[in-house]
$ cat work.txt   # compact mmCIF, C-alpha atoms
# COMPACT_ATOMS: atom_id res chain seq x y z
CA MET A 1 7.27 19.89 20.40
CA SER A 2 6.04 21.71 23.52
CA ALA A 3 2.91 19.54 23.55
CA GLN A 4 4.97 16.36 23.85
CA ARG A 5 5.92 14.75 27.11
CA SER A 6 9.14 15.92 28.62
CA LEU A 7 12.13 13.78 27.62
CA PHE A 8 15.28 12.79 29.50
CA ILE A 9 18.15 13.85 27.26
CA VAL A 10 21.89 13.45 27.88
CA VAL A 11 24.21 15.69 25.88
CA VAL A 12 27.90 14.76 25.89
CA GLY A 13 30.22 17.69 25.21
CA CYS A 14 29.33 21.30 25.99
CA GLY A 15 31.24 23.04 23.21
CA ARG A 16 29.65 25.18 20.51
CA LEU A 17 27.42 22.39 19.17
CA GLY A 18 26.59 20.80 22.53
CA SER A 19 25.70 24.07 24.24
CA TYR A 20 23.58 25.12 21.23
CA ILE A 21 21.58 21.89 21.45
CA VAL A 22 21.24 22.13 25.24
CA ASN A 23 20.12 25.77 25.12
CA ARG A 24 17.55 25.02 22.41
CA LEU A 25 16.16 21.97 24.23
CA SER A 26 16.01 23.88 27.54
CA LEU A 27 13.26 26.07 26.00
CA TYR A 28 10.98 23.03 25.71
CA GLY A 29 11.23 21.95 29.31
CA HIS A 30 13.06 18.68 28.71
CA TYR A 31 15.06 17.10 31.51
CA LEU A 32 18.69 17.58 30.50
CA VAL A 33 22.03 16.27 31.67
CA VAL A 34 25.16 17.73 30.09
CA ILE A 35 28.64 16.21 30.44
CA ASP A 36 31.96 17.92 29.73
CA VAL A 37 35.53 17.32 30.91
CA ASN A 38 35.96 21.01 31.51
CA ALA A 39 33.69 22.74 34.07
CA ALA A 40 34.28 26.15 32.45
CA ALA A 41 32.44 24.86 29.35
CA PHE A 42 29.14 25.13 31.26
CA ASP A 43 29.48 28.94 31.45
CA VAL A 44 27.83 29.28 28.04
CA LEU A 45 24.58 27.60 29.11
CA SER A 46 21.59 29.93 29.12
CA SER A 47 19.60 30.97 32.19
CA GLN A 48 16.75 28.70 31.01
CA PHE A 49 18.93 25.64 31.54
CA SER A 50 17.82 23.90 34.70
CA GLY A 51 19.29 20.44 34.27
CA PHE A 52 22.37 18.70 35.62
CA GLN A 53 25.98 19.42 34.77
CA ILE A 54 28.51 16.64 35.16
CA GLU A 55 32.19 17.44 34.99
CA GLY A 56 33.92 14.30 33.77
CA ASP A 57 35.33 12.24 30.92
CA ALA A 58 32.51 10.47 29.09
CA THR A 59 34.81 7.63 28.06
CA GLU A 60 34.96 6.67 31.74
CA PHE A 61 32.15 4.22 32.33
CA ALA A 62 31.48 5.52 35.84
CA VAL A 63 30.75 9.00 34.46
CA LEU A 64 28.07 7.64 32.12
CA LYS A 65 26.54 5.68 34.98
CA ARG A 66 26.47 8.86 37.06
CA ALA A 67 24.55 10.54 34.22
CA LYS A 68 21.90 7.76 34.52
CA LEU A 69 22.09 6.80 30.87
CA GLU A 70 19.81 3.82 31.49
CA LYS A 71 16.91 6.28 31.91
CA ALA A 72 17.70 8.45 28.89
CA ASP A 73 15.31 8.76 25.94
CA LEU A 74 17.98 10.36 23.81
CA VAL A 75 21.77 10.65 23.97
CA VAL A 76 23.62 13.14 21.75
CA ALA A 77 27.42 12.89 21.59
CA THR A 78 28.82 16.22 20.38
CA THR A 79 32.46 16.38 21.48
CA GLU A 80 35.03 17.43 18.91
CA ARG A 81 36.53 13.93 18.87
CA ASP A 82 34.92 11.38 16.57
CA ASN A 83 36.10 8.37 18.51
CA VAL A 84 34.78 9.67 21.83
CA ASN A 85 31.40 10.27 20.22
CA LEU A 86 31.32 6.86 18.56
CA MET A 87 32.30 5.12 21.79
CA VAL A 88 29.72 6.98 23.90
CA ALA A 89 27.00 6.39 21.30
CA GLN A 90 27.68 2.65 21.20
CA ILE A 91 27.74 2.33 24.98
CA ALA A 92 24.49 4.27 25.19
CA LYS A 93 22.81 2.07 22.58
CA LYS A 94 24.19 -1.39 23.33
CA ILE A 95 24.80 -1.30 27.08
CA PHE A 96 22.27 1.21 28.41
CA ASN A 97 19.67 0.44 25.69
CA VAL A 98 18.95 4.11 25.01
CA PRO A 99 16.23 4.20 22.31
CA GLN A 100 17.72 7.05 20.30
CA VAL A 101 21.39 7.87 19.99
CA MET A 102 23.23 10.35 17.76
CA ALA A 103 26.91 11.12 17.34
CA ARG A 104 28.77 13.94 15.67
CA VAL A 105 31.32 12.34 13.34
CA PHE A 106 33.54 14.63 11.27
CA ASP A 107 35.08 11.88 9.15
CA PRO A 108 32.43 10.90 6.55
CA LYS A 109 34.08 7.52 5.85
CA ARG A 110 34.08 6.57 9.50
CA ALA A 111 30.46 7.72 9.83
CA ARG A 112 29.49 5.40 6.98
CA VAL A 113 31.08 2.32 8.60
CA TYR A 114 29.20 2.96 11.83
CA ARG A 115 25.90 3.70 10.08
CA ASP A 116 26.07 0.13 8.76
CA PHE A 117 25.77 -1.17 12.28
CA GLY A 118 23.19 1.16 13.63
CA ILE A 119 24.98 4.21 15.01
CA GLU A 120 23.59 7.39 13.49
CA GLY A 121 26.53 9.63 12.78
CA ILE A 122 25.82 13.22 11.85
CA CYS A 123 28.62 14.61 9.76
CA PRO A 124 28.99 18.41 9.95
CA ILE A 125 31.28 18.37 6.92
CA THR A 126 28.79 16.79 4.52
CA ILE A 127 25.93 18.89 5.96
CA ALA A 128 27.90 22.14 5.49
CA GLY A 129 29.13 21.03 2.07
CA ASP A 130 25.61 20.24 0.88
CA ALA A 131 24.33 23.57 2.26
CA PHE A 132 27.05 25.51 0.39
CA LEU A 133 26.36 23.68 -2.84
CA SER A 134 22.59 24.06 -2.70
CA SER A 135 22.78 27.77 -1.91
CA TYR A 136 25.22 28.19 -4.79
CA LEU A 137 22.89 26.35 -7.11
CA LYS A 138 19.91 28.45 -5.96
CA ALA A 139 21.78 31.75 -6.41
CA ASN A 140 22.95 30.86 -9.90
CA VAL A 141 19.85 29.39 -11.44
CA ILE A 142 21.58 27.07 -13.81
CA SER A 143 19.63 25.43 -16.57
CA PRO A 144 20.24 21.69 -16.92
CA GLU A 145 22.34 22.18 -20.08
CA GLU A 146 24.68 24.54 -18.29
CA ASP A 147 24.92 22.48 -15.11
CA VAL A 148 28.47 21.28 -15.09
CA LEU A 149 28.61 20.40 -11.39
CA MET B 1 51.59 -13.68 11.23
CA ASN B 2 50.99 -10.14 10.03
CA ILE B 3 50.51 -7.98 13.11
CA LEU B 4 49.37 -4.39 12.95
CA ILE B 5 50.07 -2.28 16.03
CA VAL B 6 48.73 1.23 16.63
CA GLY B 7 50.42 3.37 19.25
CA GLY B 8 53.84 4.42 20.42
CA GLU B 9 56.20 4.86 23.33
CA LYS B 10 58.30 2.08 24.83
CA LEU B 11 55.38 -0.34 25.07
CA VAL B 12 54.89 -0.46 21.32
CA TYR B 13 58.63 -0.40 20.64
CA PHE B 14 59.31 -3.45 22.81
CA ILE B 15 56.21 -5.36 21.69
CA SER B 16 57.15 -4.81 18.03
CA ARG B 17 60.69 -5.96 18.72
CA LEU B 18 59.43 -9.06 20.50
CA PHE B 19 57.01 -10.01 17.71
CA PHE B 20 59.68 -9.37 15.10
CA SER B 21 62.15 -11.64 16.89
CA LYS B 22 59.52 -14.40 16.90
CA GLY B 23 59.31 -14.16 13.12
CA HIS B 24 56.13 -12.14 12.74
CA THR B 25 55.74 -9.27 10.32
CA VAL B 26 54.93 -6.09 12.24
CA THR B 27 53.55 -2.79 10.98
CA VAL B 28 53.24 0.16 13.37
CA ILE B 29 50.91 3.14 12.93
CA ASN B 30 51.72 6.27 14.93
CA ARG B 31 50.28 9.77 14.67
CA ASP B 32 53.42 11.62 15.76
CA GLN B 33 55.90 12.27 13.01
CA ARG B 34 58.97 12.47 15.23
CA GLU B 35 58.07 9.29 17.01
CA CYS B 36 57.63 7.58 13.62
CA THR B 37 61.16 8.60 12.65
CA ARG B 38 62.47 7.31 15.97
CA LEU B 39 60.67 3.98 15.63
CA ALA B 40 61.75 3.59 12.01
CA ARG B 41 65.38 3.98 13.00
CA ARG B 42 65.19 1.38 15.72
CA LEU B 43 62.77 -1.23 14.36
CA LYS B 44 62.91 -3.45 11.32
CA SER B 45 59.20 -2.91 10.77
CA THR B 46 57.13 -0.77 8.45
CA ILE B 47 56.12 2.43 10.22
CA VAL B 48 53.08 4.33 8.96
CA TYR B 49 52.56 7.93 10.00
CA GLY B 50 48.93 8.83 10.61
CA ASP B 51 45.73 8.36 12.60
CA GLY B 52 45.14 4.65 13.16
CA SER B 53 41.39 5.19 13.31
CA ASP B 54 41.36 6.57 9.77
CA LEU B 55 40.26 4.02 7.16
CA THR B 56 42.77 5.25 4.58
CA ILE B 57 45.68 4.92 7.00
CA LEU B 58 44.58 1.45 8.12
CA GLU B 59 44.34 0.38 4.49
CA GLU B 60 47.80 1.79 3.72
CA ALA B 61 49.22 -0.09 6.68
CA GLY B 62 47.90 -3.34 5.22
CA ALA B 63 44.86 -3.90 7.44
CA ARG B 64 43.31 -6.08 4.73
CA SER B 65 45.99 -8.73 5.10
CA ALA B 66 46.56 -8.38 8.86
CA ASP B 67 46.01 -11.45 11.04
CA ALA B 68 45.81 -9.43 14.23
CA VAL B 69 45.48 -5.80 15.30
CA LEU B 70 46.71 -4.47 18.62
CA ALA B 71 45.41 -1.02 19.57
CA ALA B 72 47.75 0.36 22.20
CA THR B 73 47.27 4.13 22.11
CA PRO B 74 46.82 5.96 25.42
CA ASN B 75 43.11 6.62 24.68
CA ASP B 76 40.45 3.98 25.25
CA GLU B 77 38.09 5.49 22.67
CA ASP B 78 40.75 5.43 19.95
CA ASN B 79 41.60 1.81 20.74
CA LEU B 80 37.93 0.87 20.49
CA VAL B 81 37.40 2.49 17.10
CA ILE B 82 40.70 1.13 15.70
CA CYS B 83 39.72 -2.43 16.60
CA GLN B 84 36.16 -2.05 15.35
CA LEU B 85 37.20 -0.60 12.00
CA ALA B 86 39.82 -3.35 11.64
CA SER B 87 37.32 -6.07 12.35
CA PHE B 88 34.11 -4.71 10.76
CA HIS B 89 35.56 -2.97 7.74
CA PHE B 90 38.72 -4.95 6.99
CA GLY B 91 37.72 -8.31 8.44
CA VAL B 92 40.79 -8.69 10.67
CA PRO B 93 40.17 -11.95 12.59
CA ARG B 94 41.70 -10.96 15.95
CA THR B 95 41.70 -7.56 17.63
CA LEU B 96 43.04 -6.63 21.04
CA ALA B 97 42.46 -3.24 22.64
CA LEU B 98 44.37 -1.98 25.64
CA VAL B 99 42.19 0.00 28.03
CA ASN B 100 42.96 2.29 30.92
CA ASP B 101 39.58 2.30 32.62
CA PRO B 102 39.20 -1.25 34.02
CA ASP B 103 35.41 -1.03 33.46
CA ASN B 104 36.08 -0.76 29.76
CA GLU B 105 37.36 -4.36 29.63
CA GLU B 106 33.80 -5.58 29.92
CA VAL B 107 32.32 -2.68 27.97
CA PHE B 108 34.58 -3.33 24.97
CA GLN B 109 33.83 -7.03 24.93
CA LYS B 110 30.14 -6.19 24.71
CA LEU B 111 30.98 -3.96 21.76
CA GLN B 112 32.42 -6.96 19.87
CA ILE B 113 36.15 -6.46 20.28
CA THR B 114 37.89 -9.87 20.29
CA SER B 115 39.51 -8.97 23.59
CA ALA B 116 40.27 -5.99 25.76
CA LEU B 117 42.94 -5.88 28.40
CA SER B 118 43.26 -3.39 31.21
CA ILE B 119 46.92 -2.94 32.11
CA THR B 120 45.76 -1.03 35.18
CA LYS B 121 43.87 -4.07 36.42
CA VAL B 122 46.66 -6.53 35.64
CA VAL B 123 49.29 -4.44 37.44
CA ALA B 124 47.03 -3.75 40.41
CA SER B 125 46.18 -7.42 40.88
CA LEU B 126 49.82 -8.48 40.49
CA ILE B 127 50.85 -6.04 43.18
CA GLU B 128 48.08 -7.19 45.49
CA GLN B 129 48.93 -10.84 45.03
CA ARG B 130 52.67 -10.36 45.49
CA THR B 131 52.20 -8.47 48.70
CA GLU B 132 49.65 -10.90 50.10
CA PHE B 133 51.59 -14.15 49.71
CA ASP B 134 55.19 -14.25 48.65
CA ASP B 135 54.97 -17.94 47.85
CA ILE B 136 51.90 -17.66 45.60
CA ILE B 137 52.18 -16.01 42.22
CA ASN B 138 49.17 -15.74 39.95
CA LEU B 139 50.63 -16.27 36.54
CA PHE B 140 47.65 -15.42 34.39
CA PRO B 141 43.94 -15.82 33.90
CA ILE B 142 42.72 -17.64 30.77
CA GLY B 143 39.38 -17.34 29.00
CA GLU B 144 38.43 -14.00 30.54
CA GLY B 145 39.27 -15.27 34.02
CA LYS B 146 37.39 -18.59 33.84
CA LEU B 147 40.65 -20.46 34.48
CA ASN B 148 43.67 -19.47 36.58
CA ILE B 149 47.24 -20.59 36.28
CA THR B 150 49.09 -20.09 39.56
CA GLU B 151 52.56 -20.85 40.82
CA VAL B 152 52.89 -21.93 44.46
CA SER B 153 56.15 -22.53 46.36
CA LEU B 154 55.85 -25.24 48.99
CA GLN B 155 57.29 -24.24 52.39
CA GLU B 156 58.58 -26.77 54.99
CA THR B 157 55.44 -26.08 56.98
CA SER B 158 53.07 -27.03 54.20
CA PRO B 159 50.79 -29.93 55.18
CA VAL B 160 51.32 -31.67 51.81
CA VAL B 161 55.13 -31.88 51.99
CA GLY B 162 56.28 -35.53 52.09
CA ARG B 163 53.01 -36.83 50.69
CA THR B 164 52.31 -38.21 47.23
CA LEU B 165 49.80 -36.69 44.87
CA LEU B 166 47.55 -39.71 45.41
CA GLU B 167 47.47 -38.97 49.15
CA VAL B 168 46.70 -35.30 48.60
CA SER B 169 43.13 -35.06 47.39
CA LEU B 170 42.68 -31.73 45.70
CA PRO B 171 39.21 -30.29 45.17
CA GLU B 172 37.47 -31.26 41.92
CA ASN B 173 38.40 -29.43 38.72
CA SER B 174 41.90 -28.50 39.85
CA LEU B 175 45.22 -29.86 38.69
CA ILE B 176 48.91 -29.74 39.52
CA ALA B 177 50.07 -29.42 35.91
CA SER B 178 53.78 -29.37 36.58
CA ILE B 179 56.36 -29.22 39.38
CA LEU B 180 59.52 -27.18 39.11
CA ARG B 181 62.10 -28.94 41.30
CA ASN B 182 65.60 -27.44 41.42
CA GLY B 183 64.80 -25.61 38.22
CA GLU B 184 63.78 -28.79 36.36
CA PRO B 185 60.17 -29.30 35.25
CA ILE B 186 58.45 -32.55 36.22
CA VAL B 187 55.08 -33.70 34.98
CA PRO B 188 53.72 -35.28 38.16
CA ARG B 189 51.88 -38.58 38.44
CA GLY B 190 50.03 -40.16 41.34
CA PRO B 191 53.13 -41.58 43.11
CA THR B 192 55.12 -38.31 42.79
CA GLU B 193 56.06 -37.06 46.26
CA LEU B 194 55.80 -33.35 47.03
CA LEU B 195 58.91 -31.80 48.58
CA ALA B 196 59.63 -28.52 50.35
CA GLY B 197 60.94 -26.00 47.84
CA ASP B 198 58.87 -27.45 44.98
CA ARG B 199 57.21 -24.86 42.82
CA LEU B 200 53.83 -26.15 41.69
CA ILE B 201 52.13 -24.90 38.55
CA LEU B 202 48.44 -25.12 39.33
CA ILE B 203 45.35 -24.93 37.17
CA THR B 204 42.24 -23.90 39.07
CA LEU B 205 38.81 -22.40 38.54
CA PRO B 206 37.85 -19.19 40.33
CA GLU B 207 35.37 -21.13 42.51
CA ASN B 208 37.90 -23.66 43.85
CA HIS B 209 41.02 -21.46 43.71
CA GLY B 210 40.92 -20.49 47.39
CA ARG B 211 40.34 -24.05 48.61
CA VAL B 212 43.18 -25.46 46.51
CA LEU B 213 45.63 -22.88 47.83
CA LYS B 214 44.54 -23.52 51.39
CA LYS B 215 45.08 -27.24 50.99
CA LEU B 216 48.61 -26.71 49.68
CA THR B 217 49.85 -23.96 51.98
CA GLY B 218 47.86 -24.84 55.08
CA ASP B 219 47.05 -21.17 55.71

$ encode --input "work.txt" --output "structure tokens"
Amino acid sequence: MSAQRSLFIVVVGCGRLGSYIVNRLSLYGHYLVVIDVNAAAFDVLSSQFSGFQIEGDATEFAVLKRAKLEKADLVVATTERDNVNLMVAQIAKKIFNVPQVMARVFDPKRARVYRDFGIEGICPITIAGDAFLSSYLKANVISPEEDVL
Amino acid sequence: MNILIVGGEKLVYFISRLFFSKGHTVTVINRDQRECTRLARRLKSTIVYGDGSDLTILEEAGARSADAVLAATPNDEDNLVICQLASFHFGVPRTLALVNDPDNEEVFQKLQITSALSITKVVASLIEQRTEFDDIINLFPIGEGKLNITEVSLQETSPVVGRTLLEVSLPENSLIASILRNGEPIVPRGPTELLAGDRLILITLPENHGRVLKKLTGD
């Protein structure tokens, strides 16, 4: 990843997931903009982070314009509210023509509806559920006859 | 018509009451249990308790047979998702989202909502218009603002008072649709004379709106 060109990435929401993504991406020298309604949320960003912080509500169009979404290579919407993430992701994709857009969507049913029209929703619930199940299956090597799951 | 409304507070209460009195069937979805109880006591509508952007709740509230959905929660993002789920998943033919951020009117239309309305913008422009000219009232824009309907009161000083419609040549693509004279509506024809105190109902386009008003008020 370090050999690639540096990307312009906008991360919406600087909670546990958002700050994790920002801190990881900061190590690779990408150009990062992070948006959160609460300025105190930026306290958890690492010392490697050298991008821009925008304090504002991402459902306000002017805030997204300020973040220069039209130049972004990737937008990741990570707030804890599904509808905020879905709205930001759609604006990024359909209005600012951002090539790659991802949204955290807790509700698997809602994620499925939006996947049908091109918004990639990442559902922490199904990811965690699958991880639990596969580690259970690995720990209890179950032969096919015994597999009742 | 089956109308599904998501939201609460007085706005939703009065809208539901209005639709009900016009003979429509109204279902309200609200995510606050106490508010649901309150609404259920005061409205003759079905009240569904839950998140209106949840597919299960929308289904329970009869989204499949709804003719129109109005998303009137205080959050723009919720209103967007409610309307999109209603239209994409349940095939509801008409969806209207209320928005706070005036920019979102245009944004939502690009995201395939049938229509989005910014109360902020409507109120702000009403206030501006009322304070600018007391005798001109913009009633409402039609077709996303491509057509205006305006009410103008003719003062004694107006240059068109005492003249017939034939003598007053209005700019192209504008029309005096009706005259309210002493509270009675008149559909004007060429020989109809304009009098002081007449209230004209005008249809204009944004590009000739200013010229038409100038012609009628003389300002």

$ interface_residues --input "work.txt" --of "chain B" --to "chain A" --cutoff "8 Å" --atoms "only C-alpha atoms" --output "ChimeraX atom specification"
/B:54-55,76-78,80-81,85,88-89,101,103-104,107,110-111

$ residues_near_point --input "work.txt" --point "(16.3, 3.2, 33.7)" --cutoff "10 Å" --atoms "all atoms listed in the file" --output "NGL selection string"
:A and (68-73 or 96-98)

$ atom_distance --input "work.txt" --atom1 "atom CA of Leu43 of chain B" --atom2 "atom CA of Val28 of chain B"
9.7 Å

$ residues_around --input "work.txt" --residues "Ile5 of chain B" --least-positions-apart "5" --cutoff "7 Å" --atoms "only C-alpha atoms" --output "list in words"
Thr27, Val28, Ile29, Val69, Leu70 and Ala71 of chain B

$ atom_distance --input "work.txt" --atom1 "atom CA of Ile176 of chain B" --atom2 "atom CA of Val123 of chain B"
25.4 Å

$ atom_distance --input "work.txt" --atom1 "atom CA of Gly197 of chain B" --atom2 "atom CA of Ser125 of chain B"
24.7 Å

$ residues_around --input "work.txt" --residues "Leu7 of chain A" --least-positions-apart "6" --cutoff "10 Å" --atoms "all atoms listed in the file" --output "JSON, numbers by chain"
{"A": [25, 28, 29, 30, 31, 32, 71, 72, 73, 74]}

$ build_atoms --input "work.txt" --residues "segment 165-176 of chain B" --atoms "N, CA and C atoms" --output "mmCIF file, keeping the file's coordinate frame"
data_model
loop_
_atom_site.group_PDB
_atom_site.id
_atom_site.type_symbol
_atom_site.label_atom_id
_atom_site.label_comp_id
_atom_site.auth_asym_id
_atom_site.auth_seq_id
_atom_site.Cartn_x
_atom_site.Cartn_y
_atom_site.Cartn_z
ATOM 1 N N LEU B 165 50.991 -37.330 45.440
ATOM 2 C CA LEU B 165 49.800 -36.690 44.870
ATOM 3 C C LEU B 165 48.545 -37.507 45.144
ATOM 4 N N LEU B 166 48.703 -38.856 45.134
ATOM 5 C CA LEU B 166 47.550 -39.710 45.410
ATOM 6 C C LEU B 166 46.978 -39.450 46.793
ATOM 7 N N GLU B 167 47.914 -39.177 47.760
ATOM 8 C CA GLU B 167 47.470 -38.970 49.150
ATOM 9 C C GLU B 167 46.842 -37.595 49.344
ATOM 10 N N VAL B 168 47.241 -36.650 48.486
ATOM 11 C CA VAL B 168 46.700 -35.300 48.600
ATOM 12 C C VAL B 168 45.478 -35.227 47.705
ATOM 13 N N SER B 169 44.285 -35.148 48.298
ATOM 14 C CA SER B 169 43.130 -35.060 47.390
ATOM 15 C C SER B 169 42.756 -33.591 47.218
ATOM 16 N N LEU B 170 43.014 -33.125 46.008
ATOM 17 C CA LEU B 170 42.680 -31.730 45.700
ATOM 18 C C LEU B 170 41.197 -31.634 45.359
ATOM 19 N N PRO B 171 40.606 -30.472 45.569
ATOM 20 C CA PRO B 171 39.210 -30.290 45.170
ATOM 21 C C PRO B 171 39.017 -30.595 43.689
ATOM 22 N N GLU B 172 37.773 -30.933 43.310
ATOM 23 C CA GLU B 172 37.470 -31.260 41.920
ATOM 24 C C GLU B 172 37.822 -30.105 40.987
ATOM 25 N N ASN B 173 38.091 -30.436 39.736
ATOM 26 C CA ASN B 173 38.400 -29.430 38.720
ATOM 27 C C ASN B 173 39.603 -28.571 39.068
ATOM 28 N N SER B 174 40.631 -29.202 39.650
ATOM 29 C CA SER B 174 41.900 -28.500 39.850
ATOM 30 C C SER B 174 43.000 -29.491 39.531
ATOM 31 N N LEU B 175 44.171 -28.978 39.197
ATOM 32 C CA LEU B 175 45.220 -29.860 38.690
ATOM 33 C C LEU B 175 46.578 -29.269 39.003
ATOM 34 N N ILE B 176 47.515 -30.154 39.452
ATOM 35 C CA ILE B 176 48.910 -29.740 39.520
ATOM 36 C C ILE B 176 49.504 -30.122 38.161
#
